[in-house]
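Structure data (PDB, C-alpha atoms) from my_file.pdb:
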MODEL        1
ATOM      1  CA  MET J   9      19.613 -27.993  -9.375
ATOM      2  CA  ASN J  10      16.136 -29.471  -9.685
ATOM      3  CA  ASN J  11      13.233 -27.605 -11.148
ATOM      4  CA  LYS J  12      11.624 -26.692  -7.805
ATOM      5  CA  LEU J  13      14.752 -25.060  -6.431
ATOM      6  CA  LYS J  14      15.458 -23.361  -9.732
ATOM      7  CA  THR J  15      11.969 -21.858  -9.849
ATOM      8  CA  LEU J  16      12.237 -20.789  -6.200
ATOM      9  CA  ALA J  17      15.584 -19.098  -6.888
ATOM     10  CA  LYS J  18      14.116 -17.374  -9.953
ATOM     11  CA  GLY J  19      11.390 -15.917  -7.735
ATOM     12  CA  VAL J  20      13.973 -14.598  -5.273
ATOM     13  CA  ILE J  21      16.046 -13.048  -8.061
ATOM     14  CA  ASP J  22      13.064 -11.547  -9.899
ATOM     15  CA  VAL J  23      11.679  -9.786  -6.836
ATOM     16  CA  SER J  24      15.022  -8.490  -5.508
ATOM     17  CA  PRO J  25      15.130  -5.163  -7.399
ATOM     18  CA  LEU J  26      11.654  -4.359  -6.041
ATOM     19  CA  MET J  27      13.033  -4.730  -2.508
ATOM     20  CA  ILE J  28      15.092  -1.532  -2.789
ATOM     21  CA  PRO J  29      12.123   0.770  -2.019
ATOM     22  CA  VAL J  30      10.705  -1.726   0.505
ATOM     23  CA  VAL J  31      13.665  -1.219   2.849
ATOM     24  CA  PRO J  32      13.148   2.533   3.453
ATOM     25  CA  PHE J  33       9.373   1.915   3.585
ATOM     26  CA  GLY J  34       9.833  -0.663   6.366
ATOM     27  CA  ILE J  35      12.247   1.586   8.234
ATOM     28  CA  ILE J  36       9.828   4.522   7.995
ATOM     29  CA  TYR J  37       7.030   2.308   9.313
ATOM     30  CA  GLY J  38       9.137   1.212  12.307
ATOM     31  CA  VAL J  39      10.268   4.760  13.095
ATOM     32  CA  ILE J  40       6.723   6.171  12.925
ATOM     33  CA  GLY J  41       5.343   3.332  15.038
ATOM     34  CA  MET J  42       7.833   4.192  17.762
ATOM     35  CA  GLU J  43       7.258   7.951  17.422
ATOM     36  CA  LEU J  44       3.526   7.426  17.899
ATOM     37  CA  GLY J  45       4.258   5.668  21.149
ATOM     38  CA  LEU J  46       3.534   2.063  20.191
ATOM     39  CA  SER J  47       5.604  -0.566  21.937
ATOM     40  CA  ALA J  48       8.352  -2.265  19.967
ATOM     41  CA  TYR J  49       6.492  -5.577  20.298
ATOM     42  CA  MET J  50       3.328  -4.109  18.846
ATOM     43  CA  THR J  51       5.132  -2.390  15.977
ATOM     44  CA  PHE J  52       6.919  -5.606  15.079
ATOM     45  CA  GLY J  53       3.850  -7.752  15.786
ATOM     46  CA  MET J  54       1.912  -5.801  13.160
ATOM     47  CA  SER J  55       4.550  -6.640  10.570
ATOM     48  CA  ILE J  56       4.159 -10.343  11.336
ATOM     49  CA  ILE J  57       0.370 -10.455  11.753
ATOM     50  CA  ILE J  58      -0.687  -8.051   9.008
ATOM     51  CA  PHE J  59       2.356  -8.126   6.704
ATOM     52  CA  GLY J  60       1.219  -5.273   4.456
ATOM     53  CA  GLY J  61       2.975  -1.913   4.418
ATOM     54  CA  ALA J  62      -0.007   0.169   3.280
ATOM     55  CA  SER J  63      -2.384  -1.444   5.794
ATOM     56  CA  GLN J  64       0.067  -1.031   8.657
ATOM     57  CA  ILE J  65       0.747   2.635   7.967
ATOM     58  CA  VAL J  66      -2.964   3.422   7.556
ATOM     59  CA  LEU J  67      -3.560   1.762  10.888
ATOM     60  CA  LEU J  68      -0.864   3.938  12.509
ATOM     61  CA  GLN J  69      -2.250   7.113  10.961
ATOM     62  CA  LEU J  70      -5.811   6.373  12.092
ATOM     63  CA  PHE J  71      -4.566   5.370  15.537
ATOM     64  CA  SER J  72      -2.787   8.725  15.932
ATOM     65  CA  GLY J  73      -6.012  10.496  14.844
ATOM     66  CA  GLY J  74      -7.963   8.650  17.524
ATOM     67  CA  ALA J  75     -10.098   6.477  15.242
ATOM     68  CA  SER J  76     -12.170   3.644  16.720
ATOM     69  CA  SER J  77     -11.213   0.015  16.114
ATOM     70  CA  PHE J  78     -14.209  -0.428  13.832
ATOM     71  CA  VAL J  79     -13.173   2.428  11.537
ATOM     72  CA  ALA J  80      -9.549   1.293  11.606
ATOM     73  CA  ILE J  81     -10.472  -2.256  10.628
ATOM     74  CA  THR J  82     -12.887  -1.121   7.885
ATOM     75  CA  SER J  83     -10.276   1.252   6.444
ATOM     76  CA  VAL J  84      -7.670  -1.499   6.389
ATOM     77  CA  ALA J  85     -10.169  -3.784   4.661
ATOM     78  CA  ALA J  86     -10.748  -1.061   2.037
ATOM     79  CA  VAL J  87      -7.003  -0.600   1.483
ATOM     80  CA  ASN J  88      -6.732  -4.361   1.058
ATOM     81  CA  SER J  89      -9.519  -4.767  -1.455
ATOM     82  CA  ARG J  90      -6.930  -4.609  -4.254
ATOM     83  CA  HIS J  91      -5.714  -8.045  -3.122
ATOM     84  CA  LEU J  92      -9.001  -9.501  -4.361
ATOM     85  CA  LEU J  93      -7.760  -8.703  -7.834
ATOM     86  CA  TYR J  94      -4.445 -10.472  -7.239
ATOM     87  CA  GLY J  95      -6.190 -13.588  -5.945
ATOM     88  CA  ALA J  96      -8.638 -13.582  -8.840
ATOM     89  CA  VAL J  97      -5.831 -13.339 -11.388
ATOM     90  CA  PHE J  98      -3.787 -16.061  -9.675
ATOM     91  CA  SER J  99      -6.657 -18.497  -9.120
ATOM     92  CA  GLU J 100      -6.167 -19.596 -12.729
ATOM     93  CA  TYR J 101      -2.612 -20.733 -11.959
ATOM     94  CA  LEU J 102      -3.048 -21.951  -8.385
ATOM     95  CA  SER J 103      -6.495 -23.593  -8.321
ATOM     96  CA  HIS J 104      -5.064 -27.113  -8.763
ATOM     97  CA  LEU J 105      -2.823 -26.856  -5.673
ATOM     98  CA  LYS J 106      -3.456 -28.461  -2.282
ATOM     99  CA  ILE J 107      -5.113 -26.328   0.378
ATOM    100  CA  THR J 108      -1.882 -26.079   2.428
ATOM    101  CA  TRP J 109      -0.156 -24.441  -0.524
ATOM    102  CA  LYS J 110      -3.028 -21.987  -0.932
ATOM    103  CA  ILE J 111      -2.875 -21.110   2.778
ATOM    104  CA  ILE J 112       0.881 -20.493   2.686
ATOM    105  CA  LEU J 113       0.963 -18.594  -0.611
ATOM    106  CA  SER J 114      -1.934 -16.322   0.408
ATOM    107  CA  TYR J 115       0.100 -15.015   3.348
ATOM    108  CA  VAL J 116       2.824 -13.676   1.048
ATOM    109  CA  LEU J 117       0.656 -12.476  -1.843
ATOM    110  CA  ILE J 118       1.653  -8.799  -1.637
ATOM    111  CA  ASP J 119       2.020  -6.169  -4.360
ATOM    112  CA  GLN J 120       5.649  -6.832  -5.238
ATOM    113  CA  ALA J 121       5.319 -10.641  -5.252
ATOM    114  CA  PHE J 122       2.173 -10.380  -7.371
ATOM    115  CA  ALA J 123       3.899  -8.154  -9.903
ATOM    116  CA  VAL J 124       6.860 -10.452 -10.582
ATOM    117  CA  SER J 125       5.091 -13.814 -10.267
ATOM    118  CA  ASN J 126       2.267 -12.684 -12.537
ATOM    119  CA  THR J 127       4.828 -11.971 -15.263
ATOM    120  CA  TYR J 128       6.493 -15.329 -14.630
ATOM    121  CA  PHE J 129       3.232 -17.330 -14.605
ATOM    122  CA  LYS J 130       2.121 -15.836 -17.908
ATOM    123  CA  LYS J 131       5.360 -16.940 -19.577
ATOM    124  CA  ASN J 132       5.704 -20.341 -17.854
ATOM    125  CA  LYS J 133       2.209 -21.794 -17.813
ATOM    126  CA  LYS J 134       3.563 -25.306 -18.392
ATOM    127  CA  ASN J 135       6.000 -25.401 -15.484
ATOM    128  CA  GLU J 136       4.199 -27.599 -12.963
ATOM    129  CA  ASN J 137       6.280 -26.150 -10.115
ATOM    130  CA  LYS J 138       5.564 -22.550 -11.021
ATOM    131  CA  HIS J 139       4.054 -21.846  -7.585
ATOM    132  CA  TYR J 140       7.601 -22.106  -6.162
ATOM    133  CA  HIS J 141       8.279 -18.810  -7.915
ATOM    134  CA  LEU J 142       5.640 -17.074  -5.785
ATOM    135  CA  LEU J 143       6.975 -18.828  -2.687
ATOM    136  CA  GLY J 144      10.487 -17.497  -3.363
ATOM    137  CA  ALA J 145       9.344 -13.990  -4.267
ATOM    138  CA  GLY J 146       6.872 -13.779  -1.379
ATOM    139  CA  PHE J 147       9.203 -14.944   1.355
ATOM    140  CA  THR J 148      11.983 -12.693   0.106
ATOM    141  CA  CYS J 149       9.581  -9.783   0.619
ATOM    142  CA  TRP J 150       8.644 -11.150   4.037
ATOM    143  CA  ILE J 151      12.221 -11.399   5.302
ATOM    144  CA  ILE J 152      13.188  -7.946   3.965
ATOM    145  CA  TRP J 153      10.044  -6.391   5.496
ATOM    146  CA  GLN J 154      10.710  -7.894   8.941
ATOM    147  CA  ILE J 155      14.379  -6.853   8.939
ATOM    148  CA  SER J 156      13.624  -3.288   7.871
ATOM    149  CA  THR J 157      10.837  -3.021  10.464
ATOM    150  CA  ILE J 158      13.313  -4.004  13.179
ATOM    151  CA  LEU J 159      15.839  -1.462  11.854
ATOM    152  CA  GLY J 160      13.117   1.192  11.987
ATOM    153  CA  ILE J 161      12.186   0.265  15.562
ATOM    154  CA  PHE J 162      15.796   0.794  16.647
ATOM    155  CA  LEU J 163      16.133   4.024  14.671
ATOM    156  CA  GLY J 164      12.798   5.273  16.018
ATOM    157  CA  SER J 165      14.267   5.801  19.439
ATOM    158  CA  VAL J 166      17.157   7.807  17.942
ATOM    159  CA  VAL J 167      15.608   9.892  15.141
ATOM    160  CA  PRO J 168      14.457  13.338  16.393
ATOM    161  CA  GLU J 169      10.814  14.271  15.862
ATOM    162  CA  GLU J 170      11.761  17.634  14.303
ATOM    163  CA  LEU J 171      12.706  15.870  11.082
ATOM    164  CA  GLY J 172       8.990  15.583  10.336
ATOM    165  CA  LEU J 173       9.186  11.944   9.350
ATOM    166  CA  SER J 174       5.403  11.601   9.525
ATOM    167  CA  PHE J 175       5.411  13.534   6.228
ATOM    168  CA  THR J 176       7.035  10.437   4.721
ATOM    169  CA  ILE J 177       3.679   8.622   5.086
ATOM    170  CA  SER J 178       2.252  10.919   2.432
ATOM    171  CA  LEU J 179       5.409  10.683   0.351
ATOM    172  CA  THR J 180       5.506   6.885   0.455
ATOM    173  CA  PHE J 181       1.942   6.516  -0.755
ATOM    174  CA  LEU J 182       2.537   9.176  -3.360
ATOM    175  CA  ALA J 183       5.536   7.198  -4.589
ATOM    176  CA  LEU J 184       3.397   4.050  -4.893
ATOM    177  CA  LEU J 185       1.214   5.879  -7.422
ATOM    178  CA  ILE J 186       3.958   7.151  -9.767
ATOM    179  CA  ASN J 187       3.092   4.648 -12.504
ATOM    180  CA  ASP J 188      -0.427   6.097 -12.665
ATOM    181  CA  PHE J 189       0.630   9.739 -12.936
ATOM    182  CA  ARG J 190       0.546   9.526 -16.729
ATOM    183  CA  LYS J 191      -2.957   8.074 -16.935
ATOM    184  CA  PHE J 192      -5.678  10.698 -17.257
ATOM    185  CA  LYS J 193      -8.480   8.651 -15.688
ATOM    186  CA  ASN J 194      -6.338   7.710 -12.705
ATOM    187  CA  ILE J 195      -5.525  11.378 -12.132
ATOM    188  CA  ILE J 196      -9.233  12.272 -12.034
ATOM    189  CA  ILE J 197      -9.850   9.431  -9.550
ATOM    190  CA  MET J 198      -6.903  10.556  -7.391
ATOM    191  CA  ILE J 199      -8.149  14.137  -7.253
ATOM    192  CA  VAL J 200     -11.674  13.047  -6.275
ATOM    193  CA  SER J 201     -10.299  10.833  -3.506
ATOM    194  CA  GLY J 202      -7.906  13.488  -2.184
ATOM    195  CA  LEU J 203     -10.478  16.294  -2.228
ATOM    196  CA  VAL J 204     -13.206  14.269  -0.527
ATOM    197  CA  ALA J 205     -10.754  13.152   2.170
ATOM    198  CA  THR J 206      -9.404  16.671   2.801
ATOM    199  CA  ILE J 207     -12.817  18.341   2.889
ATOM    200  CA  GLY J 208     -14.364  15.449   4.777
ATOM    201  CA  TYR J 209     -11.587  15.118   7.344
ATOM    202  CA  THR J 210     -13.307  17.353   9.902
ATOM    203  CA  ILE J 211     -16.886  16.897   8.641
ATOM    204  CA  ILE J 212     -17.096  13.114   8.405
ATOM    205  CA  PRO J 213     -17.391  11.548  11.879
ATOM    206  CA  PHE J 214     -15.334   8.691  13.341
ATOM    207  CA  GLN J 215     -12.301   9.336  11.072
ATOM    208  CA  ALA J 216     -14.202   7.517   8.334
ATOM    209  CA  TYR J 217     -12.835   9.940   5.723
ATOM    210  CA  ILE J 218     -10.642   7.291   4.072
ATOM    211  CA  ILE J 219     -13.585   4.967   3.500
ATOM    212  CA  VAL J 220     -15.898   7.747   2.264
ATOM    213  CA  ALA J 221     -13.209   9.158  -0.050
ATOM    214  CA  ALA J 222     -12.365   5.706  -1.407
ATOM    215  CA  LEU J 223     -16.005   4.868  -2.114
ATOM    216  CA  SER J 224     -16.576   8.232  -3.849
ATOM    217  CA  ALA J 225     -13.489   7.753  -5.996
ATOM    218  CA  LEU J 226     -14.407   4.144  -6.825
ATOM    219  CA  THR J 227     -17.873   5.306  -7.903
ATOM    220  CA  VAL J 228     -16.189   7.717 -10.302
ATOM    221  CA  ALA J 229     -13.878   4.888 -11.446
ATOM    222  CA  THR J 230     -16.900   2.666 -12.141
ATOM    223  CA  LEU J 231     -18.628   5.427 -14.113
ATOM    224  CA  LEU J 232     -15.486   6.101 -16.163
ATOM    225  CA  THR J 233     -15.110   2.376 -16.895
ATOM    226  CA  LEU J 234     -18.742   2.056 -17.980
ATOM    227  CA  ILE J 235     -18.508   5.133 -20.226
ATOM    228  CA  ASP J 236     -15.352   3.706 -21.748
ATOM    229  CA  LEU J 237     -16.994   0.341 -22.466
ATOM    230  CA  LYS J 238     -19.943   1.998 -24.176
ATOM    231  CA  LYS J 239     -17.641   3.922 -26.480
ATOM    232  CA  ASN J 240     -15.914   0.779 -27.706
TER     233      ASN J 240
ATOM    234  CA  MET R   3      -4.112   0.542  19.976
ATOM    235  CA  HIS R   4      -5.190  -2.909  21.043
ATOM    236  CA  TRP R   5      -3.778  -6.232  19.980
ATOM    237  CA  SER R   6      -7.315  -7.272  19.020
ATOM    238  CA  THR R   7      -7.486  -4.477  16.392
ATOM    239  CA  ILE R   8      -4.189  -5.656  14.927
ATOM    240  CA  ILE R   9      -5.358  -9.263  14.856
ATOM    241  CA  TYR R  10      -8.678  -8.375  13.172
ATOM    242  CA  CYS R  11      -6.794  -6.308  10.595
ATOM    243  CA  GLY R  12      -4.460  -9.240  10.059
ATOM    244  CA  ILE R  13      -7.385 -11.600   9.506
ATOM    245  CA  PHE R  14      -9.035  -9.203   7.033
ATOM    246  CA  THR R  15      -5.793  -8.672   5.166
ATOM    247  CA  TYR R  16      -5.219 -12.401   4.954
ATOM    248  CA  LEU R  17      -8.781 -13.142   3.846
ATOM    249  CA  THR R  18      -8.644 -10.634   0.973
ATOM    250  CA  ARG R  19      -5.565 -12.473  -0.292
ATOM    251  CA  PHE R  20      -6.883 -15.969   0.368
ATOM    252  CA  SER R  21     -10.558 -15.727  -0.607
ATOM    253  CA  MET R  22     -10.179 -15.497  -4.380
ATOM    254  CA  ILE R  23      -7.495 -18.166  -4.618
ATOM    255  CA  PHE R  24      -9.591 -20.458  -2.456
ATOM    256  CA  LEU R  25     -13.019 -19.774  -3.949
ATOM    257  CA  LEU R  26     -12.389 -19.419  -7.641
ATOM    258  CA  LYS R  27     -11.801 -22.459  -9.770
ATOM    259  CA  LYS R  28     -11.099 -20.406 -12.834
ATOM    260  CA  ASP R  29     -10.615 -16.741 -13.453
ATOM    261  CA  ILE R  30     -14.273 -15.662 -13.096
ATOM    262  CA  LEU R  31     -13.972 -11.928 -12.452
ATOM    263  CA  ASN R  32     -14.977 -10.236 -15.679
ATOM    264  CA  ASP R  33     -12.870  -7.603 -17.379
ATOM    265  CA  LYS R  34     -15.053  -4.784 -16.085
ATOM    266  CA  ALA R  35     -14.601  -5.833 -12.441
ATOM    267  CA  LYS R  36     -10.854  -6.241 -12.968
ATOM    268  CA  LYS R  37     -10.588  -2.814 -14.564
ATOM    269  CA  ILE R  38     -12.409  -1.222 -11.625
ATOM    270  CA  LEU R  39     -10.290  -3.094  -9.043
ATOM    271  CA  SER R  40      -7.168  -1.872 -10.808
ATOM    272  CA  TYR R  41      -8.232   1.671  -9.858
ATOM    273  CA  VAL R  42      -8.299   0.829  -6.119
ATOM    274  CA  PRO R  43      -4.812   2.266  -5.331
ATOM    275  CA  SER R  44      -5.645   5.524  -7.155
ATOM    276  CA  ALA R  45      -8.956   5.707  -5.280
ATOM    277  CA  ILE R  46      -7.590   5.070  -1.790
ATOM    278  CA  PHE R  47      -4.012   6.316  -1.508
ATOM    279  CA  PRO R  48      -4.817  10.023  -2.125
ATOM    280  CA  ALA R  49      -7.227   9.867   0.825
ATOM    281  CA  ILE R  50      -4.198   8.961   2.927
ATOM    282  CA  ILE R  51      -1.839  11.403   1.166
ATOM    283  CA  PHE R  52      -3.874  14.649   1.038
ATOM    284  CA  PRO R  53      -5.153  15.391   4.588
ATOM    285  CA  PRO R  54      -1.757  15.400   6.385
ATOM    286  CA  ILE R  55      -0.357  17.683   3.670
ATOM    287  CA  PHE R  56      -3.148  20.267   3.452
ATOM    288  CA  LEU R  57      -4.486  20.265   7.015
ATOM    289  CA  ASP R  58      -2.713  21.497  10.130
ATOM    290  CA  SER R  59      -2.830  19.717  13.485
ATOM    291  CA  THR R  60      -6.232  21.234  14.307
ATOM    292  CA  GLY R  61      -7.731  19.969  11.045
ATOM    293  CA  SER R  62      -8.145  23.341   9.318
ATOM    294  CA  LEU R  63      -6.917  24.063   5.824
ATOM    295  CA  ASP R  64      -3.359  25.393   5.693
ATOM    296  CA  ILE R  65      -2.390  26.625   2.219
ATOM    297  CA  GLU R  66      -0.124  29.563   2.990
ATOM    298  CA  ASN R  67       3.046  29.019   4.910
ATOM    299  CA  ASN R  68       2.946  25.284   4.269
ATOM    300  CA  PRO R  69       6.228  23.707   3.120
ATOM    301  CA  LYS R  70       4.585  20.280   2.686
ATOM    302  CA  ILE R  71       2.593  21.387  -0.362
ATOM    303  CA  LEU R  72       5.659  22.598  -2.261
ATOM    304  CA  ALA R  73       7.658  19.526  -1.203
ATOM    305  CA  ALA R  74       4.832  17.240  -2.386
ATOM    306  CA  ILE R  75       4.707  19.023  -5.763
ATOM    307  CA  ILE R  76       8.468  18.546  -6.161
ATOM    308  CA  ALA R  77       8.047  14.848  -5.266
ATOM    309  CA  ILE R  78       5.262  14.461  -7.854
ATOM    310  CA  LEU R  79       7.405  16.083 -10.573
ATOM    311  CA  VAL R  80      10.403  13.901  -9.705
ATOM    312  CA  GLY R  81       8.174  10.815  -9.645
ATOM    313  CA  TYR R  82       6.634  11.721 -12.997
ATOM    314  CA  VAL R  83      10.017  12.093 -14.667
ATOM    315  CA  SER R  84      12.067   9.398 -12.905
ATOM    316  CA  LYS R  85       9.350   6.767 -12.276
ATOM    317  CA  SER R  86      11.498   5.759  -9.293
ATOM    318  CA  ILE R  87       9.895   5.170  -5.893
ATOM    319  CA  ILE R  88      13.019   5.989  -3.889
ATOM    320  CA  SER R  89      13.836   9.168  -5.813
ATOM    321  CA  THR R  90      10.260  10.353  -5.254
ATOM    322  CA  ILE R  91      10.390   9.830  -1.491
ATOM    323  CA  PHE R  92      13.824  11.373  -1.081
ATOM    324  CA  ALA R  93      13.117  14.336  -3.372
ATOM    325  CA  GLY R  94      10.065  15.150  -1.266
ATOM    326  CA  LEU R  95      11.800  14.685   2.067
ATOM    327  CA  ILE R  96      14.963  16.579   1.173
ATOM    328  CA  SER R  97      13.056  19.528  -0.326
ATOM    329  CA  TYR R  98      10.863  19.549   2.793
ATOM    330  CA  TRP R  99      13.907  19.747   5.086
ATOM    331  CA  PHE R 100      15.458  22.364   2.824
ATOM    332  CA  LEU R 101      12.301  24.513   2.932
ATOM    333  CA  ILE R 102      11.961  24.255   6.717
ATOM    334  CA  PHE R 103      15.617  25.147   7.106
ATOM    335  CA  LEU R 104      15.405  28.147   4.762
ATOM    336  CA  TYR R 105      12.070  29.752   5.519
ATOM    337  CA  TYR R 106      10.402  28.411   8.582
TER     338      TYR R 106
ENDMDL
END

Go ahead and express the file in the form of structure tokens.
Amino acid sequence: MNNKLKTLAKGVIDVSPLMIPVVPFGIIYGVIGMELGLSAYMTFGMSIIIFGGASQIVLLQLFSGGASSFVAITSVAAVNSRHLLYGAVFSEYLSHLKITWKIILSYVLIDQAFAVSNTYFKKNKKNENKHYHLLGAGFTCWIIWQISTILGIFLGSVVPEELGLSFTISLTFLALLINDFRKFKNIIIMIVSGLVATIGYTIIPFQAYIIVAALSALTVATLLTLIDLKKN
Amino acid sequence: MHWSTIIYCGIFTYLTRFSMIFLLKKDILNDKAKKILSYVPSAIFPAIIFPPIFLDSTGSLDIENNPKILAAIIAILVGYVSKSIISTIFAGLISYWFLIFLYY
């Protein structure tokens, strides 16, 4: 097996364990999309066009709350701002590539692919085909996400509403934060965000509570970071 | 929901992933900016998590008689101990069903 294929396969293998939680997440997304009355085409189309679980579910939640397109798009942009970090970290490894590679790899640069390829890139700086690792990891995520979305769309017409599956939106996002539960500063930031959103939900117009809460919490995060830097 | 909203969201999502790879020649974000960006999930996800748990369908605070709060606390405890995404989701969902079945 040549180096390109080997690196590609390594990406697929490395990301596979992280796909276990992606499957129920995709199914939940599909089921909720159908329960909210979106067409199957639209629910699936979002998975192709947006390809980001958090963004898609936020969009569904805001849609069910009657938010305007402007607020929905701004909230999705806010949820996505973490990708700026991924791109910034990866630019070091990918800046020499042709533009076509950058265009393709950007489409699949999601949380799980970033996590495994970042580890790989750090250890294999000299492998000139290292970007194949991200290609393998990213497209594995893509295929799994599309399949589980379709499964969810089919289940959505069968699963009864009484099961309260919309509660799984909260649970899924909660589960994405478990690695930060032990960090004191993160907990403060989480509480600020959650309180502002809950109090602001009815007060803040246009369903802009996610954006306002996120900005408040990021202000606190900035202050905590600055205080920390002064201490050291 | 309009297709145009989905397409705009798709473009924004793509651009946040593409912009840094395309624009930066070297890793130019300083450590401070990176540290702050690493807090983005903690700053945004609770804004999505909290309101559906604590507010009822009319948007008023619902603390008593609310099985979601207890189920969320169980999910947090399970997540804290197990560090497993699936266990967290299922612990929350199963305790929620259990509570509805028992008391509500």

I need the residue set behind the PyMOL selection byres ((chain J and resi 175-183) around 10) for this file; please write it as a ChimeraX atom specification.
/J:29,32-33,36-37,40,61-62,65-66,68-69,171-174,184-187,189 /R:43-44,46-55,70,73-74,77-78,80-82,85-95,98

To verify the selection step, state as an mmCIF file with C-alpha atoms, in the frame of the given file which residues the PyMOL selection byres ((chain J and resi 48) around 12) yields on this input.
data_model
loop_
_atom_site.group_PDB
_atom_site.id
_atom_site.type_symbol
_atom_site.label_atom_id
_atom_site.label_comp_id
_atom_site.auth_asym_id
_atom_site.auth_seq_id
_atom_site.Cartn_x
_atom_site.Cartn_y
_atom_site.Cartn_z
ATOM 1 C CA TYR J 37 7.030 2.308 9.313
ATOM 2 C CA GLY J 38 9.137 1.212 12.307
ATOM 3 C CA VAL J 39 10.268 4.760 13.095
ATOM 4 C CA ILE J 40 6.723 6.171 12.925
ATOM 5 C CA GLY J 41 5.343 3.332 15.038
ATOM 6 C CA MET J 42 7.833 4.192 17.762
ATOM 7 C CA GLU J 43 7.258 7.951 17.422
ATOM 8 C CA LEU J 44 3.526 7.426 17.899
ATOM 9 C CA GLY J 45 4.258 5.668 21.149
ATOM 10 C CA LEU J 46 3.534 2.063 20.191
ATOM 11 C CA SER J 47 5.604 -0.566 21.937
ATOM 12 C CA TYR J 49 6.492 -5.577 20.298
ATOM 13 C CA MET J 50 3.328 -4.109 18.846
ATOM 14 C CA THR J 51 5.132 -2.390 15.977
ATOM 15 C CA PHE J 52 6.919 -5.606 15.079
ATOM 16 C CA GLY J 53 3.850 -7.752 15.786
ATOM 17 C CA MET J 54 1.912 -5.801 13.160
ATOM 18 C CA SER J 55 4.550 -6.640 10.570
ATOM 19 C CA THR J 157 10.837 -3.021 10.464
ATOM 20 C CA ILE J 158 13.313 -4.004 13.179
ATOM 21 C CA LEU J 159 15.839 -1.462 11.854
ATOM 22 C CA GLY J 160 13.117 1.192 11.987
ATOM 23 C CA ILE J 161 12.186 0.265 15.562
ATOM 24 C CA PHE J 162 15.796 0.794 16.647
ATOM 25 C CA LEU J 163 16.133 4.024 14.671
ATOM 26 C CA GLY J 164 12.798 5.273 16.018
ATOM 27 C CA SER J 165 14.267 5.801 19.439
#

Could you tell me how far atom CA of Asn135 of chain J lies from atom CA of Ile23 of chain R, in Å and to one decimal?
18.8 Å

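In terms of minimum interatomic distance to Glu170 of chain J, R:Ile102 ranks closest within R:Tyr16, R:Glu66, R:Ser6, R:Ile102, counting all atoms listed in the file.
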
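Every protein, DNA or RNA residue with an atom at most 10 Å from Tyr10 of chain R, where only C-alpha atoms count and chain neighbours fewer than 2 positions away do not, is listed here: Ile57, Ile58, Ser77, Phe78, Ala80, Ile81, Thr82, Val84 and Ala85 of chain J; Trp5, Ser6, Thr7, Ile8, Gly12, Ile13, Phe14, Thr15 and Tyr16 of chain R.
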
For segment 84-96 of chain R of the structure just presented, write N, CA and C atoms to a file, as a short mmCIF file (atom, residue, chain, number, x, y, z; two decimals), in the first residue's frame.
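Done, and the output landed in part-v9.cif:
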data_model
loop_
_atom_site.label_atom_id
_atom_site.label_comp_id
_atom_site.auth_asym_id
_atom_site.auth_seq_id
_atom_site.Cartn_x
_atom_site.Cartn_y
_atom_site.Cartn_z
N SER R 84 -18.40 9.27 33.82
CA SER R 84 -18.07 8.33 32.73
C SER R 84 -17.27 8.99 31.61
N LYS R 85 -17.40 10.30 31.44
CA LYS R 85 -16.79 11.02 30.31
C LYS R 85 -17.21 10.42 28.98
N SER R 86 -18.37 9.77 28.93
CA SER R 86 -18.83 9.14 27.69
C SER R 86 -20.06 9.88 27.17
N ILE R 87 -19.99 10.29 25.90
CA ILE R 87 -21.08 11.06 25.29
C ILE R 87 -22.38 10.25 25.27
N ILE R 88 -22.27 8.99 24.81
CA ILE R 88 -23.48 8.18 24.70
C ILE R 88 -24.12 7.92 26.05
N SER R 89 -23.29 7.55 27.05
CA SER R 89 -23.85 7.27 28.38
C SER R 89 -24.57 8.50 28.90
N THR R 90 -24.02 9.68 28.65
CA THR R 90 -24.64 10.92 29.13
C THR R 90 -26.03 11.11 28.53
N ILE R 91 -26.10 10.95 27.20
CA ILE R 91 -27.39 11.15 26.52
C ILE R 91 -28.41 10.13 27.01
N PHE R 92 -28.00 8.86 27.06
CA PHE R 92 -28.95 7.82 27.43
C PHE R 92 -29.35 7.90 28.90
N ALA R 93 -28.40 8.25 29.77
CA ALA R 93 -28.75 8.39 31.19
C ALA R 93 -29.83 9.46 31.36
N GLY R 94 -29.65 10.58 30.64
CA GLY R 94 -30.62 11.66 30.73
C GLY R 94 -31.98 11.26 30.19
N LEU R 95 -31.97 10.61 29.03
CA LEU R 95 -33.22 10.25 28.37
C LEU R 95 -33.99 9.19 29.15
N ILE R 96 -33.24 8.17 29.61
CA ILE R 96 -33.91 7.08 30.33
C ILE R 96 -34.46 7.57 31.66
#
